[in-house]
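Engineer: Input query25.csv, format and content: CSV, C-alpha atoms and all ligand atoms.
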chain,number,residue,atom,x,y,z
A,7,MET,CA,-21.2,-83.0,58.5
A,8,THR,CA,-17.9,-81.8,57.0
A,9,SER,CA,-16.7,-83.9,54.1
A,10,PRO,CA,-13.2,-85.1,53.5
A,11,SER,CA,-11.0,-83.6,50.8
A,12,PRO,CA,-11.0,-85.2,47.4
A,13,ALA,CA,-7.3,-85.8,47.9
A,14,SER,CA,-7.9,-88.1,50.9
A,15,ILE,CA,-10.7,-90.0,49.0
A,16,ASP,CA,-8.5,-90.4,46.0
A,17,LEU,CA,-5.6,-91.8,48.0
A,18,ILE,CA,-7.9,-94.2,49.9
A,19,ARG,CA,-9.0,-95.5,46.5
A,20,ARG,CA,-5.4,-95.9,45.3
A,21,LEU,CA,-4.2,-97.7,48.4
A,22,ILE,CA,-7.2,-100.1,48.6
A,23,ALA,CA,-6.6,-101.1,45.0
A,24,PHE,CA,-3.3,-102.8,46.0
A,25,ASP,CA,-4.0,-106.3,47.3
A,26,THR,CA,-1.7,-106.2,50.3
A,27,THR,CA,-3.2,-109.2,52.1
A,28,SER,CA,-0.4,-110.2,54.5
A,29,ARG,CA,0.6,-113.3,52.4
A,30,GLU,CA,1.3,-111.0,49.4
A,31,SER,CA,4.1,-108.6,48.7
A,32,ASN,CA,3.4,-105.0,49.7
A,33,LEU,CA,6.1,-103.5,47.4
A,34,ALA,CA,3.7,-102.2,44.8
A,35,LEU,CA,1.9,-100.1,47.4
A,36,ILE,CA,5.2,-99.0,49.0
A,37,GLY,CA,6.5,-98.0,45.6
A,38,PHE,CA,3.4,-95.9,45.0
A,39,VAL,CA,3.9,-94.1,48.3
A,40,GLN,CA,7.6,-93.6,47.7
A,41,ASP,CA,6.8,-92.0,44.3
A,42,TYR,CA,4.1,-89.8,45.8
A,43,LEU,CA,6.5,-88.6,48.5
A,44,LYS,CA,9.3,-88.1,46.0
A,45,LYS,CA,7.2,-85.7,43.9
A,46,LEU,CA,6.9,-83.7,47.1
A,47,GLY,CA,10.6,-83.7,47.6
A,48,ILE,CA,10.5,-86.2,50.5
A,49,ALA,CA,12.9,-89.1,50.6
A,50,SER,CA,11.7,-92.5,51.8
A,51,GLU,CA,13.8,-95.2,53.5
A,52,LEU,CA,12.7,-98.8,53.1
A,53,VAL,CA,13.4,-101.5,55.6
A,54,PHE,CA,12.9,-104.9,53.9
A,55,ASP,CA,12.0,-108.3,55.3
A,56,GLU,CA,14.4,-111.2,54.8
A,57,THR,CA,12.9,-112.2,51.4
A,58,GLY,CA,13.0,-108.7,50.0
A,59,LYS,CA,9.4,-109.0,49.0
A,60,LYS,CA,8.0,-106.7,51.7
A,61,ALA,CA,9.1,-103.4,53.2
A,62,ASN,CA,8.5,-100.8,55.9
A,63,LEU,CA,8.6,-97.3,54.7
A,64,PHE,CA,10.0,-94.5,56.9
A,65,ALA,CA,10.0,-90.8,55.8
A,66,THR,CA,10.5,-87.5,57.5
A,67,LEU,CA,8.8,-84.2,56.6
A,68,GLY,CA,10.7,-81.2,57.9
A,69,PRO,CA,14.1,-81.2,59.5
A,70,THR,CA,15.8,-84.5,59.7
A,71,ASP,CA,18.3,-83.6,62.4
A,72,ARG,CA,15.9,-83.7,65.3
A,73,PRO,CA,13.2,-85.9,66.7
A,74,GLY,CA,9.6,-85.6,65.5
A,75,LEU,CA,6.1,-86.9,65.8
A,76,MET,CA,5.6,-90.2,64.1
A,77,LEU,CA,2.3,-91.2,62.3
A,78,SER,CA,2.2,-94.9,62.0
A,79,GLY,CA,0.1,-97.5,60.1
A,80,HIS,CA,0.3,-101.0,58.7
A,81,THR,CA,-0.1,-101.5,55.0
A,82,ASP,CA,-1.2,-105.1,55.1
A,83,VAL,CA,-4.8,-106.3,55.3
A,84,VAL,CA,-6.5,-109.5,56.4
A,85,PRO,CA,-7.7,-112.0,53.7
A,86,VAL,CA,-11.1,-111.8,52.0
A,87,ASP,CA,-11.1,-115.6,51.4
A,88,GLY,CA,-14.5,-117.2,52.2
A,89,GLN,CA,-16.1,-113.8,53.0
A,90,GLU,CA,-19.2,-112.7,51.2
A,91,TRP,CA,-18.5,-109.2,49.8
A,92,SER,CA,-21.3,-107.3,48.0
A,93,THR,CA,-18.7,-105.6,45.9
A,94,ASP,CA,-15.0,-106.0,44.8
A,95,PRO,CA,-13.1,-105.7,48.1
A,96,PHE,CA,-10.1,-104.1,46.3
A,97,GLU,CA,-12.1,-101.3,44.6
A,98,VAL,CA,-13.5,-98.6,46.8
A,99,VAL,CA,-17.3,-98.2,46.4
A,100,GLN,CA,-18.8,-95.0,47.8
A,101,LYS,CA,-22.3,-95.4,49.1
A,102,ASP,CA,-24.5,-93.8,51.8
A,103,GLY,CA,-21.7,-91.7,53.2
A,104,ARG,CA,-19.3,-94.6,53.4
A,105,LEU,CA,-16.3,-96.0,51.6
A,106,TYR,CA,-16.4,-99.8,51.2
A,107,GLY,CA,-13.3,-101.9,50.6
A,108,ARG,CA,-10.8,-104.2,52.3
A,109,GLY,CA,-8.6,-102.0,54.5
A,110,THR,CA,-10.8,-98.9,54.4
A,111,CYS,CA,-11.2,-99.2,58.2
A,112,ASP,CA,-8.2,-101.3,59.1
A,113,MET,CA,-6.2,-99.2,58.3
A,114,LYS,CA,-5.4,-97.6,54.9
A,115,SER,CA,-7.6,-94.6,55.4
A,116,PHE,CA,-5.4,-93.2,58.1
A,117,ILE,CA,-2.3,-93.7,55.9
A,118,ALA,CA,-4.1,-92.1,53.0
A,119,VAL,CA,-5.2,-89.0,55.0
A,120,ALA,CA,-1.6,-88.6,56.3
A,121,LEU,CA,-0.3,-88.7,52.8
A,122,ALA,CA,-3.0,-86.4,51.5
A,123,LEU,CA,-2.0,-83.8,54.1
A,124,ALA,CA,1.7,-84.1,53.4
A,125,PRO,CA,1.7,-81.0,51.1
A,126,GLU,CA,0.0,-78.9,53.8
A,127,PHE,CA,2.5,-80.2,56.4
A,128,LEU,CA,5.4,-79.1,54.2
A,129,GLN,CA,3.9,-75.7,53.8
A,130,ALA,CA,3.7,-75.3,57.6
A,131,ARG,CA,7.5,-75.0,57.6
A,132,LEU,CA,7.8,-77.6,60.4
A,133,LYS,CA,10.3,-77.0,63.1
A,134,THR,CA,9.5,-80.3,64.7
A,135,PRO,CA,9.4,-82.9,62.0
A,136,ILE,CA,6.6,-85.4,61.1
A,137,HIS,CA,7.6,-88.9,60.5
A,138,PHE,CA,5.6,-91.4,58.4
A,139,ALA,CA,6.1,-95.1,59.4
A,140,PHE,CA,4.2,-97.6,57.3
A,141,SER,CA,4.8,-101.3,58.1
A,142,TYR,CA,4.1,-104.7,56.7
A,143,ASP,CA,2.8,-107.9,58.3
A,144,GLU,CA,1.0,-106.3,61.2
A,145,GLU,CA,-2.0,-108.7,60.8
A,146,VAL,CA,0.1,-111.8,61.3
A,147,GLY,CA,1.7,-110.8,64.7
A,148,CYS,CA,3.1,-107.3,64.4
A,149,LEU,CA,6.1,-108.8,62.6
A,150,GLY,CA,7.3,-106.2,60.1
A,151,VAL,CA,7.4,-103.2,62.3
A,152,ARG,CA,10.0,-104.9,64.6
A,153,ARG,CA,12.6,-104.4,61.9
A,154,LEU,CA,11.8,-100.8,61.6
A,155,ILE,CA,12.0,-100.3,65.3
A,156,ALA,CA,15.4,-102.0,65.4
A,157,GLU,CA,16.6,-99.7,62.7
A,158,LEU,CA,15.3,-96.6,64.5
A,159,ALA,CA,16.9,-97.8,67.7
A,160,LYS,CA,20.4,-97.6,66.1
A,161,ARG,CA,20.0,-93.8,65.4
A,162,THR,CA,20.9,-90.9,67.5
A,163,VAL,CA,17.7,-89.0,66.4
A,164,ARG,CA,14.6,-91.1,67.3
A,165,PRO,CA,10.9,-90.1,67.2
A,166,LEU,CA,9.6,-88.1,70.1
A,167,ALA,CA,6.2,-89.8,70.2
A,168,CYS,CA,3.9,-91.8,68.0
A,169,ILE,CA,0.3,-91.9,66.9
A,170,VAL,CA,-0.9,-95.3,65.6
A,171,GLY,CA,-3.9,-94.8,63.4
A,172,GLU,CA,-5.8,-98.0,64.0
A,173,PRO,CA,-9.6,-97.6,64.0
A,174,THR,CA,-10.7,-96.0,67.2
A,175,GLU,CA,-13.5,-93.7,65.8
A,176,MET,CA,-10.9,-90.9,66.4
A,177,LYS,CA,-11.0,-91.5,70.1
A,178,VAL,CA,-7.7,-91.3,72.0
A,179,ILE,CA,-6.7,-94.8,73.2
A,180,ARG,CA,-3.8,-95.0,75.6
A,181,GLY,CA,-3.8,-98.7,76.4
A,182,HIS,CA,-4.3,-102.1,74.9
A,183,LYS,CA,-3.8,-105.7,76.0
A,184,GLY,CA,-0.7,-107.7,75.1
A,185,LYS,CA,-0.8,-111.2,73.7
A,186,LEU,CA,1.2,-114.4,74.0
A,187,SER,CA,0.1,-117.3,71.9
A,188,VAL,CA,1.6,-120.8,72.2
A,189,ARG,CA,1.3,-124.2,70.5
A,190,GLY,CA,1.4,-127.1,72.9
A,191,HIS,CA,2.2,-130.5,71.5
A,192,VAL,CA,1.6,-133.8,73.2
A,193,ARG,CA,3.6,-136.8,72.1
A,194,GLY,CA,1.8,-140.0,73.2
A,195,PHE,CA,2.3,-143.7,72.6
A,196,GLU,CA,0.3,-145.4,69.9
A,197,CYS,CA,-1.5,-148.8,70.2
A,198,HIS,CA,-4.7,-150.6,69.4
A,199,SER,CA,-7.5,-149.0,71.3
A,200,SER,CA,-8.6,-152.3,72.8
A,201,LEU,CA,-5.2,-152.1,74.7
A,202,ALA,CA,-5.8,-148.5,75.7
A,203,PRO,CA,-4.0,-148.7,79.1
A,204,LYS,CA,-0.8,-149.8,77.3
A,205,GLY,CA,-0.8,-146.6,75.3
A,206,VAL,CA,-0.4,-142.9,76.1
A,207,ASN,CA,-3.4,-141.1,74.8
A,208,ALA,CA,-2.1,-137.7,73.4
A,209,VAL,CA,-5.7,-136.4,72.9
A,210,GLN,CA,-6.7,-137.0,76.5
A,211,TYR,CA,-3.5,-135.5,77.9
A,212,ALA,CA,-3.9,-132.5,75.7
A,213,ALA,CA,-7.6,-132.2,76.9
A,214,GLU,CA,-6.3,-132.2,80.5
A,215,ALA,CA,-4.0,-129.3,79.7
A,216,VAL,CA,-6.7,-127.4,77.9
A,217,SER,CA,-9.1,-127.8,80.8
A,218,TYR,CA,-6.3,-126.6,83.1
A,219,LEU,CA,-6.1,-123.5,80.9
A,220,ALA,CA,-9.9,-123.1,81.2
A,221,ARG,CA,-9.6,-123.3,85.0
A,222,MET,CA,-6.9,-120.6,84.9
A,223,ALA,CA,-9.2,-118.4,82.8
A,224,ARG,CA,-12.0,-118.7,85.4
A,225,ARG,CA,-9.7,-118.0,88.3
A,226,ILE,CA,-8.4,-114.8,86.7
A,227,ALA,CA,-11.9,-113.7,85.8
A,228,GLU,CA,-12.9,-114.1,89.5
A,229,THR,CA,-9.8,-112.9,91.3
A,230,GLY,CA,-8.2,-110.4,88.8
A,231,PRO,CA,-6.1,-108.4,88.6
A,232,PHE,CA,-8.6,-106.0,87.1
A,233,ASP,CA,-8.4,-102.8,85.1
A,234,PRO,CA,-11.9,-101.3,84.7
A,235,ALA,CA,-10.7,-99.2,81.8
A,236,PHE,CA,-10.9,-102.3,79.6
A,237,ASP,CA,-14.2,-103.7,78.3
A,238,ILE,CA,-13.2,-107.1,79.6
A,239,PRO,CA,-11.3,-105.9,82.7
A,240,HIS,CA,-8.9,-108.8,83.2
A,241,THR,CA,-6.4,-111.1,81.3
A,242,THR,CA,-8.1,-113.8,79.3
A,243,VAL,CA,-7.0,-117.3,78.4
A,244,HIS,CA,-8.4,-119.1,75.4
A,245,THR,CA,-7.7,-122.3,73.4
A,246,GLY,CA,-8.7,-121.9,69.8
A,247,VAL,CA,-7.4,-124.9,67.8
A,248,ILE,CA,-6.9,-128.5,68.6
A,249,HIS,CA,-5.7,-131.3,66.3
A,250,GLY,CA,-5.2,-134.9,67.3
A,251,GLY,CA,-5.8,-138.5,66.5
A,252,THR,CA,-6.3,-140.4,63.3
A,253,ALA,CA,-8.9,-143.1,64.0
A,254,LEU,CA,-11.1,-144.1,66.9
A,255,ASN,CA,-9.5,-147.6,67.2
A,256,ILE,CA,-6.0,-146.2,67.6
A,257,VAL,CA,-4.7,-144.6,70.9
A,258,PRO,CA,-3.5,-141.3,69.4
A,259,LYS,CA,0.2,-140.5,69.3
A,260,ASP,CA,0.0,-136.8,68.6
A,261,CYS,CA,-2.1,-133.9,69.6
A,262,SER,CA,-1.5,-130.2,69.3
A,263,PHE,CA,-3.4,-127.3,70.7
A,264,ASP,CA,-3.1,-123.5,70.3
A,265,PHE,CA,-3.9,-121.2,73.1
A,266,GLU,CA,-3.3,-117.5,74.0
A,267,PHE,CA,-3.1,-115.1,76.8
A,268,ARG,CA,-4.6,-111.7,76.1
A,269,HIS,CA,-3.1,-109.9,79.1
A,270,LEU,CA,-3.5,-106.6,80.9
A,271,PRO,CA,-0.3,-104.6,80.2
A,272,GLN,CA,0.9,-105.1,83.8
A,273,ASP,CA,0.2,-108.9,83.9
A,274,ASP,CA,3.1,-111.2,83.0
A,275,PRO,CA,2.0,-113.7,80.3
A,276,LYS,CA,5.3,-115.7,80.8
A,277,ALA,CA,4.3,-116.4,84.4
A,278,LEU,CA,0.9,-117.8,83.2
A,279,PHE,CA,2.6,-119.8,80.5
A,280,THR,CA,5.0,-121.2,83.2
A,281,GLU,CA,2.1,-122.2,85.3
A,282,VAL,CA,0.5,-124.5,82.6
A,283,LYS,CA,3.9,-125.9,81.8
A,284,ARG,CA,4.5,-126.7,85.4
A,285,PHE,CA,1.1,-128.5,85.6
A,286,ALA,CA,2.0,-130.6,82.6
A,287,GLU,CA,5.4,-131.4,84.1
A,288,THR,CA,4.4,-132.3,87.6
A,289,GLU,CA,0.9,-133.7,87.2
A,290,LEU,CA,0.7,-135.2,83.7
A,291,GLU,CA,4.1,-136.2,82.5
A,292,PRO,CA,4.9,-138.6,85.4
A,293,GLN,CA,1.7,-140.6,84.6
A,294,MET,CA,2.6,-140.6,80.9
A,295,HIS,CA,6.2,-141.8,81.6
A,296,ARG,CA,5.0,-144.7,83.8
A,297,VAL,CA,3.5,-146.1,80.6
A,298,HIS,CA,6.2,-145.0,78.1
A,299,PRO,CA,9.3,-142.9,78.7
A,300,ASP,CA,9.4,-141.4,75.2
A,301,THR,CA,6.2,-139.3,75.7
A,302,GLY,CA,5.5,-135.8,77.0
A,303,PHE,CA,4.7,-132.1,76.3
A,304,SER,CA,6.6,-129.6,74.1
A,305,TRP,CA,5.8,-126.0,73.6
A,306,ARG,CA,6.4,-123.4,70.9
A,307,GLU,CA,5.6,-119.7,71.2
A,308,ILE,CA,3.7,-118.7,68.1
A,309,SER,CA,3.7,-114.9,68.6
A,310,SER,CA,3.6,-112.2,71.2
A,311,PHE,CA,3.4,-108.5,71.5
A,312,PRO,CA,3.5,-106.3,74.6
A,313,GLY,CA,0.5,-104.4,76.0
A,314,LEU,CA,0.3,-100.6,75.9
A,315,ASP,CA,-0.1,-98.5,79.0
A,316,THR,CA,0.6,-94.9,78.3
A,317,ASP,CA,0.0,-92.4,81.1
A,318,GLU,CA,-3.1,-90.2,81.1
A,319,ASP,CA,-0.8,-87.2,81.7
A,320,ALA,CA,1.9,-88.2,79.2
A,321,GLU,CA,2.7,-85.5,76.7
A,322,VAL,CA,1.6,-87.6,73.7
A,323,THR,CA,-1.8,-88.3,75.4
A,324,GLN,CA,-2.3,-84.5,76.1
A,325,LEU,CA,-1.3,-83.6,72.6
A,326,ALA,CA,-3.7,-86.2,71.1
A,327,LYS,CA,-6.5,-85.1,73.4
A,328,ALA,CA,-6.1,-81.5,72.4
A,329,ALA,CA,-6.0,-82.4,68.7
A,330,SER,CA,-9.1,-84.6,68.9
A,331,GLY,CA,-11.0,-82.1,70.9
A,332,GLY,CA,-12.1,-84.8,73.3
A,333,ASN,CA,-11.3,-85.0,77.0
A,334,ALA,CA,-11.7,-88.7,77.6
A,335,THR,CA,-9.2,-91.5,76.9
A,336,SER,CA,-9.8,-95.2,77.0
A,337,LYS,CA,-8.3,-98.6,76.5
A,338,VAL,CA,-9.1,-101.4,74.0
A,339,ALA,CA,-8.7,-105.2,73.9
A,340,PHE,CA,-7.3,-105.5,70.4
A,341,GLY,CA,-3.6,-105.5,69.9
A,342,THR,CA,-1.6,-103.0,67.8
A,343,GLU,CA,2.0,-102.1,67.0
A,344,ALA,CA,1.7,-99.3,69.7
A,345,GLY,CA,2.9,-101.6,72.5
A,346,LEU,CA,6.1,-102.3,70.5
A,347,PHE,CA,6.8,-98.6,69.9
A,348,ASP,CA,6.2,-97.9,73.5
A,349,ALA,CA,8.5,-100.7,74.6
A,350,ALA,CA,11.2,-99.2,72.4
A,351,GLY,CA,10.9,-95.9,74.4
A,352,ILE,CA,8.6,-94.0,72.0
A,353,PRO,CA,5.6,-92.8,73.9
A,354,THR,CA,2.6,-93.9,71.8
A,355,ILE,CA,-1.2,-93.6,71.7
A,356,ILE,CA,-3.7,-94.9,69.2
A,357,CYS,CA,-6.2,-92.7,67.3
A,358,GLY,CA,-7.6,-93.4,63.8
A,359,PRO,CA,-10.7,-93.3,61.7
A,360,GLY,CA,-13.3,-96.1,61.6
A,361,ASN,CA,-14.6,-98.6,64.1
A,362,ILE,CA,-12.9,-101.9,64.9
A,363,ASP,CA,-16.3,-103.6,64.6
A,364,GLN,CA,-16.0,-103.1,60.8
A,365,ALA,CA,-12.5,-104.5,60.6
A,366,HIS,CA,-11.7,-108.0,59.2
A,367,LYS,CA,-15.3,-108.4,58.0
A,368,PRO,CA,-16.9,-108.6,54.6
A,369,ASP,CA,-18.2,-105.2,53.4
A,370,GLU,CA,-15.6,-103.4,55.6
A,371,PHE,CA,-16.1,-99.6,55.5
A,372,VAL,CA,-15.1,-96.3,56.8
A,373,SER,CA,-17.5,-93.4,57.0
A,374,LEU,CA,-16.7,-90.1,55.2
A,375,GLU,CA,-17.4,-88.4,58.5
A,376,GLN,CA,-14.6,-90.4,60.1
A,377,VAL,CA,-12.2,-89.6,57.3
A,378,ALA,CA,-13.0,-85.9,57.7
A,379,LEU,CA,-12.5,-86.1,61.5
A,380,CYS,CA,-9.1,-87.7,60.9
A,381,GLU,CA,-8.1,-84.8,58.6
A,382,SER,CA,-9.0,-82.2,61.2
A,383,PHE,CA,-7.3,-84.3,63.9
A,384,LEU,CA,-4.0,-84.5,62.0
A,385,ARG,CA,-4.2,-80.8,61.0
A,386,ARG,CA,-4.6,-79.7,64.6
A,387,LEU,CA,-1.9,-82.2,65.7
A,388,VAL,CA,0.6,-80.8,63.3
A,389,GLU,CA,-0.3,-77.2,64.2
A,390,ARG,CA,0.4,-77.9,67.8
A,391,VAL,CA,3.6,-79.8,67.1
A,392,SER,CA,5.0,-77.0,64.9
A,393,ALA,CA,3.9,-74.4,67.5
A,394,GLN,CA,5.8,-76.2,70.2
A,395,ALA,CA,9.2,-76.0,68.6
A,401,ZN,ZN,-5.0,-102.9,62.0
Will you turn the file into structure tokens for me?
Ligand SMILES: [Zn+2]

Structural biologist:
Amino acid sequence: MTSPSPASIDLIRRLIAFDTTSRESNLALIGFVQDYLKKLGIASELVFDETGKKANLFATLGPTDRPGLMLSGHTDVVPVDGQEWSTDPFEVVQKDGRLYGRGTCDMKSFIAVALALAPEFLQARLKTPIHFAFSYDEEVGCLGVRRLIAELAKRTVRPLACIVGEPTEMKVIRGHKGKLSVRGHVRGFECHSSLAPKGVNAVQYAAEAVSYLARMARRIAETGPFDPAFDIPHTTVHTGVIHGGTALNIVPKDCSFDFEFRHLPQDDPKALFTEVKRFAETELEPQMHRVHPDTGFSWREISSFPGLDTDEDAEVTQLAKAASGGNATSKVAFGTEAGLFDAAGIPTIICGPGNIDQAHKPDEFVSLEQVALCESFLRRLVERVSAQA
């Protein structure tokens, strides 16, 4: 096994030490990266959120007057609250060929390796530039990167292609599902439970909508559409949260339920959402209104991101395949920022160190072998890109 360079390991340690749980500011980490790049003579641009407490960082290595290859990662991590860690999650512990810590796998190691290789990239006298794009708030709905994409869209020179370094065990992933998540709310009409027919039971009507969603899920699983490249080869529908009622002897006035569509890139989640809304409108609300007019369903989209479906023969896929030394590509169920880049006209694939199975869990880790593979992948990638120009 080849081992990673001390520079990569050191940078992984440094990045993990910043607690960038999505609810926290990421500016300390961004400032560290900015200083690091500045010492190499590379300027960084920051794109802040509306509070000024979080920022995306965008930097270009090589010429700035032409489009380049973008290496992208998110700087935020999921919370460690309630998780049983064997060691301090914000201090990297090296053990048995692995680096443990929150974000080692998802996905600070990719960012660290890209930064560690920056001096080499500069020495390569790039004709095609390399861009670094490091975002905030990915884990809470791919929020931060949207501002960066909007900023890039205003420019005449935009990235040629993008590699998102989410954990794929350094396999080239050219597709992922999209997501639409929604909160449904039922407004009922309260009364004493002994007079139940005179009230409108919000919990029961919500339950009818939830079971309609479950029927939709079964129908899609049976009839498709299907894409066998995905582990679960069809769009899924799932209700994850329900809140309603206050006491058994009161007909409940309010009930809310959160559900999501994890859809194949070619499926339209809005059409599925419209279907459940129509069911509520035509089947449930008329019954509710017969008892009380001031009742019914309302809906709020919580978050959404598009799926990714990059062609097998797209240039970026070919480039990543050549750099990874593998011939196969596949698709994954988890969402990433890749779909947003792609929707903005930047052809994108996903390839990064670590396994998604280790993400979001206590004792998250990345193996040293994966870090070393990521180094050689990025080296070969940059060799090819600079040879192309
Ligand atoms: Zn991630």

Engineer: With all atoms listed in the file as the counted atoms, please give the residues lying no more than 12 Å from stretch 334-338 of chain A, apart from itself and same-chain residues fewer than 4 positions off, as a PyMOL selection string.

Structural biologist: chain A and resi 172-184+233-240+268-271+313-320+322-328+330+342+344+355-357+361-362

Engineer: May I ask you to write as JSON, numbers by chain all residues lying at most 7 Å from ligand ZN 401 (chain A), with only C-alpha atoms and all ligand atoms counted?

Structural biologist: {"A": [80, 112, 113, 144, 145, 172, 342]}

Engineer: List the neighbours of A:Ser304 out to 10 Å using only C-alpha atoms; skip same-chain residues closer than 6 positions along the sequence, and give me the result as an NGL selection string.

Structural biologist: :A and (189-193 or 262 or 283 or 286)

Engineer: Just to confirm, what's the straight-line distance from atom CA of A:Pro85 to atom CA of A:Glu30 in Å (one decimal)?

Structural biologist: 10.0 Å

Engineer: Using only C-alpha atoms, list the residues that have an atom at most 6 Å from (-1.7, -138.6, 70.6), coordinates as in the file, as a ChimeraX atom specification.

Structural biologist: /A:193-194,207-209,251,258-261

Engineer: Would you list the residues near (2.1, -110.4, 81.2), meaning any protein, DNA or RNA residue with an atom at most 12 Å from that point in file coordinates, counting all atoms listed in the file, as a VMD selection string?

Structural biologist: chain A and resid 183 to 187 231 240 to 243 266 to 280 310 to 314

Engineer: Export C-alpha atoms of the chosen residues as a PDB file, in the coordinates of the input?

Structural biologist:
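Written file, part_33.pdb:
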ATOM      1  CA  LYS A 183      -3.800-105.700  76.000  1.00  0.00           C
ATOM      2  CA  GLY A 184      -0.700-107.700  75.100  1.00  0.00           C
ATOM      3  CA  LYS A 185      -0.800-111.200  73.700  1.00  0.00           C
ATOM      4  CA  LEU A 186       1.200-114.400  74.000  1.00  0.00           C
ATOM      5  CA  SER A 187       0.100-117.300  71.900  1.00  0.00           C
ATOM      6  CA  PRO A 231      -6.100-108.400  88.600  1.00  0.00           C
ATOM      7  CA  HIS A 240      -8.900-108.800  83.200  1.00  0.00           C
ATOM      8  CA  THR A 241      -6.400-111.100  81.300  1.00  0.00           C
ATOM      9  CA  THR A 242      -8.100-113.800  79.300  1.00  0.00           C
ATOM     10  CA  VAL A 243      -7.000-117.300  78.400  1.00  0.00           C
ATOM     11  CA  GLU A 266      -3.300-117.500  74.000  1.00  0.00           C
ATOM     12  CA  PHE A 267      -3.100-115.100  76.800  1.00  0.00           C
ATOM     13  CA  ARG A 268      -4.600-111.700  76.100  1.00  0.00           C
ATOM     14  CA  HIS A 269      -3.100-109.900  79.100  1.00  0.00           C
ATOM     15  CA  LEU A 270      -3.500-106.600  80.900  1.00  0.00           C
ATOM     16  CA  PRO A 271      -0.300-104.600  80.200  1.00  0.00           C
ATOM     17  CA  GLN A 272       0.900-105.100  83.800  1.00  0.00           C
ATOM     18  CA  ASP A 273       0.200-108.900  83.900  1.00  0.00           C
ATOM     19  CA  ASP A 274       3.100-111.200  83.000  1.00  0.00           C
ATOM     20  CA  PRO A 275       2.000-113.700  80.300  1.00  0.00           C
ATOM     21  CA  LYS A 276       5.300-115.700  80.800  1.00  0.00           C
ATOM     22  CA  ALA A 277       4.300-116.400  84.400  1.00  0.00           C
ATOM     23  CA  LEU A 278       0.900-117.800  83.200  1.00  0.00           C
ATOM     24  CA  PHE A 279       2.600-119.800  80.500  1.00  0.00           C
ATOM     25  CA  THR A 280       5.000-121.200  83.200  1.00  0.00           C
ATOM     26  CA  SER A 310       3.600-112.200  71.200  1.00  0.00           C
ATOM     27  CA  PHE A 311       3.400-108.500  71.500  1.00  0.00           C
ATOM     28  CA  PRO A 312       3.500-106.300  74.600  1.00  0.00           C
ATOM     29  CA  GLY A 313       0.500-104.400  76.000  1.00  0.00           C
ATOM     30  CA  LEU A 314       0.300-100.600  75.900  1.00  0.00           C
TER      31      LEU A 314
END

Engineer: So, with only C-alpha atoms as the atoms that count, which of A:Leu67, A:Ile169, A:Ile36, A:Leu374 lies closest to A:Gly345?

Structural biologist: A:Ile169

Engineer: Would you please work out which residue, of A:Phe116, A:Phe127, A:Phe383, A:Tyr218, is nearest to A:Gly171 when using all atoms listed in the file?

Structural biologist: A:Phe116

Engineer: Name all residues at most 12 Å from stretch 32-34 of chain A (count only C-alpha atoms; drop same-chain ones fewer than 5 positions away) and give them as JSON, numbers by chain.

Structural biologist: {"A": [20, 21, 22, 23, 24, 25, 26, 27, 39, 40, 41, 52, 53, 54, 55, 57, 58, 59, 60, 61, 62, 63, 80, 81, 82, 83, 140, 141, 142, 143, 144, 150]}

Engineer: So, counting all atoms listed in the file, which residue among A:Phe263, A:Phe232, A:Tyr42, A:Trp91 is closest to A:Val188?

Structural biologist: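 Checking each of A:Phe263, A:Phe232, A:Tyr42, A:Trp91 against A:Val188, counting all atoms listed in the file, the winner is A:Phe263.
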
Engineer: Using all atoms listed in the file for the distances, tell me which of A:Thr134, A:Gln293, A:Gln210, A:Thr229 is nearest to A:Gly250.

Structural biologist: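 Under the stated criterion, the closest residue is A:Gln210.
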
Engineer: Looking at only C-alpha atoms, which of A:Arg72, A:Arg153, A:Arg224, A:His198 is the one that sits closest to A:Thr252?

Structural biologist: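 Comparing A:Arg72, A:Arg153, A:Arg224, A:His198 against A:Thr252, the winner is A:His198.
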
Engineer: Choose the residue, out of A:Arg164, A:Leu379, A:Ser115, A:Ala124, that has the smallest atom-to-atom separation from A:Lys45; count only C-alpha atoms.

Structural biologist: A:Ala124

Engineer: Compile the contact shell of A:Leu219 as a list in words: residues with an atom at most 8 Å away, counting only C-alpha atoms, same-chain residues fewer than 6 positions apart removed.

Structural biologist: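 Listing them by chain and then by number gives Val243, His244, Thr245 and Val282 of chain A.
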
Engineer: If you measure from atom CA of A:Cys380 to atom CA of A:Arg19, what distance in Å do you get, rounded to one decimal?

Structural biologist: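 Straight-line distance from atom CA of A:Cys380 to atom CA of A:Arg19 works out to 16.4 Å.
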
Engineer: Please provide the set of residues having any atom within 12 Å of A:Glu289, restricted to all atoms listed in the file, with same-chain residues fewer than 2 positions apart removed, written as a list in words.

Structural biologist: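 So, after excluding close chain neighbours, the residues are Tyr211, Glu214, Ala215, Tyr218, Glu281, Val282, Lys283, Arg284, Phe285, Ala286, Glu287, Glu291, Pro292, Gln293, Met294, His295, Gly302 and Phe303 of chain A.
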